[in-house]
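Visitor: Got a structure here, written out as structure tokens. Questions coming.
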Amino acid sequence: MVTERDPADRLALADQVLRLAERAGATEAEVMVTAGDSALTRFANSEIHQNVAETGTSLNLRFAIGKRIGVASSGRRDADGLRRLVETAAAIAGSVEELGDWSGLPTADAGHSGGQRAEARAAGTADATPEFRAEGARAVIAEADAKGVVAYGSFATTEETIVVANSRGIRSVEVRTNSQLLTVSMSPDGGTGYAEAVATDATTIDPAAIGREAADKARATDRATGLDPGDYPVVLEPYAVVDIMDMLGYVGFSALAVQEGRSFYERGKRIGSDLVTVVDDATDPAGLPMAFDYEGVAKRPITLVDAGACVDVVYDSQTAARDGVRSTGHGLPAPNPYGPFPLNMVMAPGSASREELIGGLARGLLVTRFHYTNVIHPKLAIITGMTRDGTFLVEDGQIVAPVRNLRFTQSYLDALAGVEAVGRERRTLRGFLGAVVVPSVRIASWTFTGATEH
């Protein structure tokens, strides 16, 4: 009997599917089992209004017949469900064109068999109750009440087991936990504020501090005024820096982007000031640790940018084979048209305090975060988007007024090249697909191309 919680039973389930796939004619097969418990407490209008929880198991089968690859997924674990999963994947593999440069699945020597790692799982998250999350939500709401604003947000906790097994010997198993508390505060006078915390251990999150940050920001942005578009020096808070990391990972530091000629990456090319160093490190406990990727390959720390210069990119098994190198452990679940992705980006801290960062602006802007960002030109990393939840005019090193949201069109490479100072404090935040650990930064110039009326 397969249980919901035992990693050994989940590995046995993967092996069962592998045997069925081999009997069905697979020359190679890979099974990923994702099983876990997730819960979410939501609040709106400064009231808790929803608590939901989900327990489930999903199976993802990659089925190869020579160079024909089929992928199918299922949430069923009974005998008929497993049979249908294999039949579906086999039928897909039999009907698609060959993948000409298919290099085969990764082998056992690339896998990770260390099982559960203590730094990837925290009992404080795994054992979190609805009451625990409600207490966090109430602490956020209390801070909003104290400032006369209204709080919206959620507190999520997740424990999941990831199992990857393939016909070439990989057997990778890990139990991981993660938690996220986020809130937006809204003032009756038009101000909004945002705050967020992400951690492996939910008990390390300080909900009152998160609530206070968002509430203070909401009050500070009351009655914002318009500002003409133009080029301004900026201080970007960590919530905005996350977007820079995500976009550069997406358009530049994936081996697939390089192989397809759409990346800015060239080894040794300078894309940032000497203050910019970025690694992808799934072993860093400051983030959300992971032992292996979604192909079961052990993750390796990769330096992406060292003192402003490009160093390496991340690989999955297919892109690595094309370049004759080893996978760095950055594969995403199949089918994956996006290629490898850095899921654990960490930017090196600097030495500046928040006051020193802002104090370096003669006349510029303090930006809390971005939203609705989109790529205009991938090779130049030109991105367009909007500011949100706290944009402030700074004069002579002092915040003097909130300003309405602004649209920008900016090369993120030019932004990195213009980094003048980096904060010494860093935040762990949710990125596009993983967790990102980032400081605040001061940048010499940022191009704002439009203003809003509200």
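Ordering of the structure tokens sets the chain letters (A, B, ...), residue numbers begin anew at 1 in every chain, and ligands are numbered from 1 in the order given.
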Do you know which residues are at most 10 Å from Asn405 in chain A counting only C-alpha atoms, after dropping those on the same chain fewer than 3 positions away, and could you put them as a PDB file with N, CA and C atoms, in the first residue's frame?
Guide:
```pdb
ATOM      1  N   ALA A 224      -0.291  60.600  -3.667  1.00  0.00           N
ATOM      2  CA  ALA A 224       0.870  60.692  -4.559  1.00  0.00           C
ATOM      3  C   ALA A 224       0.609  61.689  -5.678  1.00  0.00           C
ATOM      4  N   THR A 225       1.663  62.324  -6.116  1.00  0.00           N
ATOM      5  CA  THR A 225       1.569  63.318  -7.183  1.00  0.00           C
ATOM      6  C   THR A 225       2.260  62.814  -8.444  1.00  0.00           C
ATOM      7  N   GLY A 226       1.982  63.461  -9.555  1.00  0.00           N
ATOM      8  CA  GLY A 226       2.573  63.064 -10.826  1.00  0.00           C
ATOM      9  C   GLY A 226       4.023  63.514 -10.958  1.00  0.00           C
ATOM     10  N   LEU A 227       4.759  62.794 -11.785  1.00  0.00           N
ATOM     11  CA  LEU A 227       6.157  63.141 -12.084  1.00  0.00           C
ATOM     12  C   LEU A 227       6.386  62.923 -13.565  1.00  0.00           C
ATOM     13  N   VAL A 367      12.126  52.971  -5.501  1.00  0.00           N
ATOM     14  CA  VAL A 367      11.109  52.112  -6.110  1.00  0.00           C
ATOM     15  C   VAL A 367      10.962  50.844  -5.272  1.00  0.00           C
ATOM     16  N   PHE A 370       8.270  46.167  -9.082  1.00  0.00           N
ATOM     17  CA  PHE A 370       7.754  46.263 -10.437  1.00  0.00           C
ATOM     18  C   PHE A 370       6.622  45.253 -10.627  1.00  0.00           C
ATOM     19  N   MET A 386       5.943  48.393 -15.023  1.00  0.00           N
ATOM     20  CA  MET A 386       5.412  49.483 -14.211  1.00  0.00           C
ATOM     21  C   MET A 386       5.965  49.392 -12.785  1.00  0.00           C
ATOM     22  N   THR A 387       6.044  50.548 -12.134  1.00  0.00           N
ATOM     23  CA  THR A 387       6.303  50.548 -10.694  1.00  0.00           C
ATOM     24  C   THR A 387       4.991  50.271  -9.966  1.00  0.00           C
ATOM     25  N   ARG A 388       5.128  49.881  -8.672  1.00  0.00           N
ATOM     26  CA  ARG A 388       3.905  49.534  -7.936  1.00  0.00           C
ATOM     27  C   ARG A 388       4.159  49.573  -6.434  1.00  0.00           C
ATOM     28  N   ASP A 389       3.136  49.968  -5.697  1.00  0.00           N
ATOM     29  CA  ASP A 389       3.105  49.872  -4.235  1.00  0.00           C
ATOM     30  C   ASP A 389       4.241  50.614  -3.540  1.00  0.00           C
ATOM     31  N   GLY A 390       4.514  51.805  -4.033  1.00  0.00           N
ATOM     32  CA  GLY A 390       5.476  52.649  -3.336  1.00  0.00           C
ATOM     33  C   GLY A 390       6.594  53.166  -4.210  1.00  0.00           C
ATOM     34  N   THR A 391       6.412  54.330  -4.816  1.00  0.00           N
ATOM     35  CA  THR A 391       7.445  55.006  -5.596  1.00  0.00           C
ATOM     36  C   THR A 391       7.580  56.415  -5.023  1.00  0.00           C
ATOM     37  N   PHE A 392       8.802  56.815  -4.720  1.00  0.00           N
ATOM     38  CA  PHE A 392       9.020  58.064  -3.978  1.00  0.00           C
ATOM     39  C   PHE A 392      10.082  58.928  -4.645  1.00  0.00           C
ATOM     40  N   PRO A 402       5.628  61.004  -2.222  1.00  0.00           N
ATOM     41  CA  PRO A 402       5.262  59.844  -3.039  1.00  0.00           C
ATOM     42  C   PRO A 402       4.875  60.306  -4.433  1.00  0.00           C
ATOM     43  N   PHE A 408       8.262  52.071 -17.313  1.00  0.00           N
ATOM     44  CA  PHE A 408       9.669  52.163 -17.718  1.00  0.00           C
ATOM     45  C   PHE A 408       9.940  51.257 -18.908  1.00  0.00           C
ATOM     46  N   GLY A 450       6.708  56.746 -19.208  1.00  0.00           N
ATOM     47  CA  GLY A 450       5.323  57.202 -19.133  1.00  0.00           C
ATOM     48  C   GLY A 450       4.863  57.317 -17.690  1.00  0.00           C
ATOM     49  N   ALA A 451       3.800  58.073 -17.499  1.00  0.00           N
ATOM     50  CA  ALA A 451       3.250  58.286 -16.158  1.00  0.00           C
ATOM     51  C   ALA A 451       1.786  57.867 -16.136  1.00  0.00           C
ATOM     52  N   THR A 452       1.284  57.589 -14.945  1.00  0.00           N
ATOM     53  CA  THR A 452      -0.132  57.237 -14.798  1.00  0.00           C
ATOM     54  C   THR A 452      -0.872  58.402 -14.169  1.00  0.00           C
ATOM     55  N   GLU A 453      -2.185  58.384 -14.283  1.00  0.00           N
ATOM     56  CA  GLU A 453      -3.004  59.431 -13.719  1.00  0.00           C
ATOM     57  C   GLU A 453      -3.433  59.105 -12.295  1.00  0.00           C
ATOM     58  N   HIS A 454      -3.190  57.867 -11.883  1.00  0.00           N
ATOM     59  CA  HIS A 454      -3.659  57.446 -10.566  1.00  0.00           C
ATOM     60  C   HIS A 454      -2.522  56.767  -9.813  1.00  0.00           C
TER      61      HIS A 454
END
```
Visitor: Using backbone DSSP assignments, extract all alpha helix (DSSP H) residues from range 33-231 of chain A; output them as an MDAnalysis selection string.
Guide: chainID A and resid 79:95 123:126 130:147 207:220
Visitor: Need the shell around Pro207 in chain A: protein/DNA/RNA residues with any atom at most 7 Å away, counting only C-alpha atoms. Skip same-chain ones fewer than 4 positions apart. Format as a PyMOL selection string?
Guide: chain A and resi 136+139-140+211
Visitor: Considering only C-alpha atoms, return as a VMD selection string whatever protein or nucleic-acid residues lie within 10 Å of range 247-255 of chain A, sequence-local ones (same chain, fewer than 4 positions apart) excluded.
Guide: chain A and resid 242 to 243 259 to 266 280 304 to 305 310 to 316 318 to 320 322 to 323 330 338 to 343 345 373 to 375 377 to 383 412 to 413 431 to 432
Visitor: List the spatial neighbours of Leu357 in chain A as a ChimeraX atom specification - criterion: any atom at most 10 Å away, only C-alpha atoms, same-chain residues fewer than 4 positions off excluded.
Guide: /A:234-236,351-353,361,366,397,420-423,440-443
Visitor: I need the chosen residues saved as a PDB file, in the first residue's frame, with N, CA and C atoms.
Guide:
```pdb
ATOM      1  N   VAL A 234      18.038  55.716  -9.397  1.00  0.00           N
ATOM      2  CA  VAL A 234      17.042  55.027  -8.579  1.00  0.00           C
ATOM      3  C   VAL A 234      17.714  54.192  -7.490  1.00  0.00           C
ATOM      4  N   VAL A 235      16.967  54.002  -6.428  1.00  0.00           N
ATOM      5  CA  VAL A 235      17.247  52.937  -5.476  1.00  0.00           C
ATOM      6  C   VAL A 235      16.123  51.929  -5.632  1.00  0.00           C
ATOM      7  N   LEU A 236      16.489  50.703  -5.974  1.00  0.00           N
ATOM      8  CA  LEU A 236      15.518  49.628  -6.108  1.00  0.00           C
ATOM      9  C   LEU A 236      15.546  48.770  -4.853  1.00  0.00           C
ATOM     10  N   SER A 351      27.927  46.866   1.063  1.00  0.00           N
ATOM     11  CA  SER A 351      28.241  47.391   2.396  1.00  0.00           C
ATOM     12  C   SER A 351      27.341  48.537   2.819  1.00  0.00           C
ATOM     13  N   ALA A 352      26.417  48.955   1.945  1.00  0.00           N
ATOM     14  CA  ALA A 352      25.627  50.165   2.213  1.00  0.00           C
ATOM     15  C   ALA A 352      24.382  49.851   3.029  1.00  0.00           C
ATOM     16  N   SER A 353      24.049  50.739   3.952  1.00  0.00           N
ATOM     17  CA  SER A 353      22.772  50.676   4.649  1.00  0.00           C
ATOM     18  C   SER A 353      21.685  51.256   3.746  1.00  0.00           C
ATOM     19  N   LEU A 361      21.291  59.717  -3.443  1.00  0.00           N
ATOM     20  CA  LEU A 361      20.490  60.291  -4.529  1.00  0.00           C
ATOM     21  C   LEU A 361      20.369  61.800  -4.352  1.00  0.00           C
ATOM     22  N   LEU A 366      12.980  56.277  -5.301  1.00  0.00           N
ATOM     23  CA  LEU A 366      13.013  55.031  -4.543  1.00  0.00           C
ATOM     24  C   LEU A 366      11.834  54.191  -5.036  1.00  0.00           C
ATOM     25  N   GLY A 397      19.112  63.330  -0.866  1.00  0.00           N
ATOM     26  CA  GLY A 397      19.230  62.179   0.013  1.00  0.00           C
ATOM     27  C   GLY A 397      18.069  61.962   0.951  1.00  0.00           C
ATOM     28  N   GLU A 420      25.773  51.551  -8.535  1.00  0.00           N
ATOM     29  CA  GLU A 420      26.729  52.383  -7.802  1.00  0.00           C
ATOM     30  C   GLU A 420      26.938  51.925  -6.366  1.00  0.00           C
ATOM     31  N   ALA A 421      25.940  51.268  -5.809  1.00  0.00           N
ATOM     32  CA  ALA A 421      26.024  50.822  -4.423  1.00  0.00           C
ATOM     33  C   ALA A 421      25.061  49.656  -4.229  1.00  0.00           C
ATOM     34  N   VAL A 422      25.422  48.760  -3.308  1.00  0.00           N
ATOM     35  CA  VAL A 422      24.624  47.569  -3.031  1.00  0.00           C
ATOM     36  C   VAL A 422      24.396  47.480  -1.526  1.00  0.00           C
ATOM     37  N   GLY A 423      23.170  47.167  -1.146  1.00  0.00           N
ATOM     38  CA  GLY A 423      22.832  47.090   0.268  1.00  0.00           C
ATOM     39  C   GLY A 423      23.458  45.889   0.957  1.00  0.00           C
ATOM     40  N   SER A 440      19.014  45.502  -1.802  1.00  0.00           N
ATOM     41  CA  SER A 440      18.653  46.721  -2.534  1.00  0.00           C
ATOM     42  C   SER A 440      19.879  47.207  -3.297  1.00  0.00           C
ATOM     43  N   VAL A 441      19.642  47.992  -4.352  1.00  0.00           N
ATOM     44  CA  VAL A 441      20.754  48.545  -5.128  1.00  0.00           C
ATOM     45  C   VAL A 441      20.453  49.989  -5.509  1.00  0.00           C
ATOM     46  N   ARG A 442      21.523  50.769  -5.698  1.00  0.00           N
ATOM     47  CA  ARG A 442      21.383  52.112  -6.272  1.00  0.00           C
ATOM     48  C   ARG A 442      21.980  52.082  -7.668  1.00  0.00           C
ATOM     49  N   ILE A 443      21.212  52.608  -8.639  1.00  0.00           N
ATOM     50  CA  ILE A 443      21.585  52.570 -10.047  1.00  0.00           C
ATOM     51  C   ILE A 443      21.627  53.988 -10.584  1.00  0.00           C
TER      52      ILE A 443
END
```
Visitor: Out of A:Gly25, A:Thr57, A:Ala146, A:Glu30, which residue has the shortest atom-to-atom distance to Ala90 in chain A when counting only C-alpha atoms?
Guide: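 Among the listed residues, the smallest separation from Ala90 in chain A belongs to A:Gly25.
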Visitor: How many Å separate CA of Tyr372 in chain A from CA of Gln50 in chain A?
Guide: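 Between CA of Tyr372 in chain A and CA of Gln50 in chain A the gap works out to 26.5 Å.
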Visitor: Quick one: residues within 10 Å of range 97-100 of chain A, only C-alpha atoms, excluding same-chain residues fewer than 4 positions away - as an NGL selection string?
Guide: :A and (64-69 or 92-93)
Visitor: Quick one, how far is CA of Thr41 in chain A from CA of Arg219 in chain A?
Guide: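 So the two atoms, CA of Thr41 in chain A and CA of Arg219 in chain A, lie 25.0 Å apart.
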Visitor: Neighbouring residues of Ala215 in chain A were defined as those with any atom within 10 Å, considering only C-alpha atoms; residues of the same chain fewer than 4 positions away were excluded. Please report them as a VMD selection string.
Guide: chain A and resid 140 to 151 183 to 187 191 to 195 209 to 211 219 to 220
Visitor: CA of Ala208 in chain A to CA of Leu393 in chain A: how many Å, to one decimal?
Guide: 27.1 Å
Visitor: Which one of A:Ala417, A:Ser46, A:Val173, A:Thr303 sits closest to Arg270 in chain A if you count only C-alpha atoms?
Guide: A:Ala417
Visitor: Here is a test: counting only C-alpha atoms, which residue of A:Leu275, A:Lys299, A:Ser411, A:Val403 is nearest to Arg424 in chain A?
Guide: A:Leu275
Visitor: When distances are computed from only C-alpha atoms, which of A:Asn336, A:Thr384, A:Thr328, A:Thr34 shows the smallest separation from Asp281 in chain A?
Guide: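 Of A:Asn336, A:Thr384, A:Thr328, A:Thr34, the one nearest Asp281 in chain A, counting only C-alpha atoms, is A:Thr328.
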Visitor: Output as number ranges by chain all residues of range 252-396 of chain A that backbone DSSP marks as strand (DSSP E or B).
Guide: A: 254, 270, 278-280, 292, 297-298, 302-306, 309-310, 314, 345-347, 352, 363-377, 382-395
Visitor: Go ahead and save the residues from that selection, with C-alpha atoms, as an mmCIF file, in the first residue's frame.
Guide:
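In the end it all went to again_19.cif:
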```cif
data_model
loop_
_atom_site.group_PDB
_atom_site.id
_atom_site.type_symbol
_atom_site.label_atom_id
_atom_site.label_comp_id
_atom_site.auth_asym_id
_atom_site.auth_seq_id
_atom_site.Cartn_x
_atom_site.Cartn_y
_atom_site.Cartn_z
ATOM 1 C CA SER A 254 19.949 29.539 -19.809
ATOM 2 C CA ARG A 270 31.049 42.742 -18.797
ATOM 3 C CA VAL A 278 25.379 36.660 -8.887
ATOM 4 C CA VAL A 279 25.443 32.916 -8.316
ATOM 5 C CA ASP A 280 22.835 30.223 -8.598
ATOM 6 C CA PHE A 292 18.608 17.994 -7.380
ATOM 7 C CA VAL A 297 20.511 15.504 -11.440
ATOM 8 C CA ALA A 298 22.487 16.865 -8.504
ATOM 9 C CA ILE A 302 27.105 28.107 -10.703
ATOM 10 C CA THR A 303 28.632 31.570 -10.829
ATOM 11 C CA LEU A 304 26.680 33.583 -13.388
ATOM 12 C CA VAL A 305 28.291 37.007 -12.915
ATOM 13 C CA ASP A 306 31.543 37.714 -11.073
ATOM 14 C CA ALA A 309 31.582 39.807 -15.877
ATOM 15 C CA CYS A 310 29.662 36.834 -17.298
ATOM 16 C CA VAL A 314 23.034 26.713 -16.426
ATOM 17 C CA MET A 345 19.751 32.995 -7.698
ATOM 18 C CA VAL A 346 21.716 34.797 -5.011
ATOM 19 C CA MET A 347 23.173 38.283 -5.408
ATOM 20 C CA ALA A 352 25.627 50.165 2.213
ATOM 21 C CA ARG A 363 17.391 63.781 -7.140
ATOM 22 C CA GLY A 364 15.994 60.392 -7.964
ATOM 23 C CA LEU A 365 13.433 57.759 -7.140
ATOM 24 C CA LEU A 366 13.013 55.031 -4.543
ATOM 25 C CA VAL A 367 11.109 52.112 -6.110
ATOM 26 C CA THR A 368 9.463 49.363 -4.067
ATOM 27 C CA ARG A 369 8.681 46.855 -6.792
ATOM 28 C CA PHE A 370 7.754 46.263 -10.437
ATOM 29 C CA HIS A 371 4.836 44.467 -12.042
ATOM 30 C CA TYR A 372 3.598 43.459 -15.481
ATOM 31 C CA THR A 373 7.121 43.333 -16.860
ATOM 32 C CA ASN A 374 7.697 41.963 -20.360
ATOM 33 C CA VAL A 375 10.677 41.405 -22.628
ATOM 34 C CA ILE A 376 11.066 43.764 -25.586
ATOM 35 C CA HIS A 377 14.565 42.757 -26.785
ATOM 36 C CA ILE A 382 15.316 45.491 -22.665
ATOM 37 C CA ILE A 383 12.278 45.171 -20.423
ATOM 38 C CA THR A 384 9.140 47.243 -20.035
ATOM 39 C CA GLY A 385 6.945 47.379 -16.949
ATOM 40 C CA MET A 386 5.412 49.483 -14.211
ATOM 41 C CA THR A 387 6.303 50.548 -10.694
ATOM 42 C CA ARG A 388 3.905 49.534 -7.936
ATOM 43 C CA ASP A 389 3.105 49.872 -4.235
ATOM 44 C CA GLY A 390 5.476 52.649 -3.336
ATOM 45 C CA THR A 391 7.445 55.006 -5.596
ATOM 46 C CA PHE A 392 9.020 58.064 -3.978
ATOM 47 C CA LEU A 393 10.835 61.191 -5.072
ATOM 48 C CA VAL A 394 14.162 61.675 -3.297
ATOM 49 C CA GLU A 395 15.984 65.025 -3.163
#
```
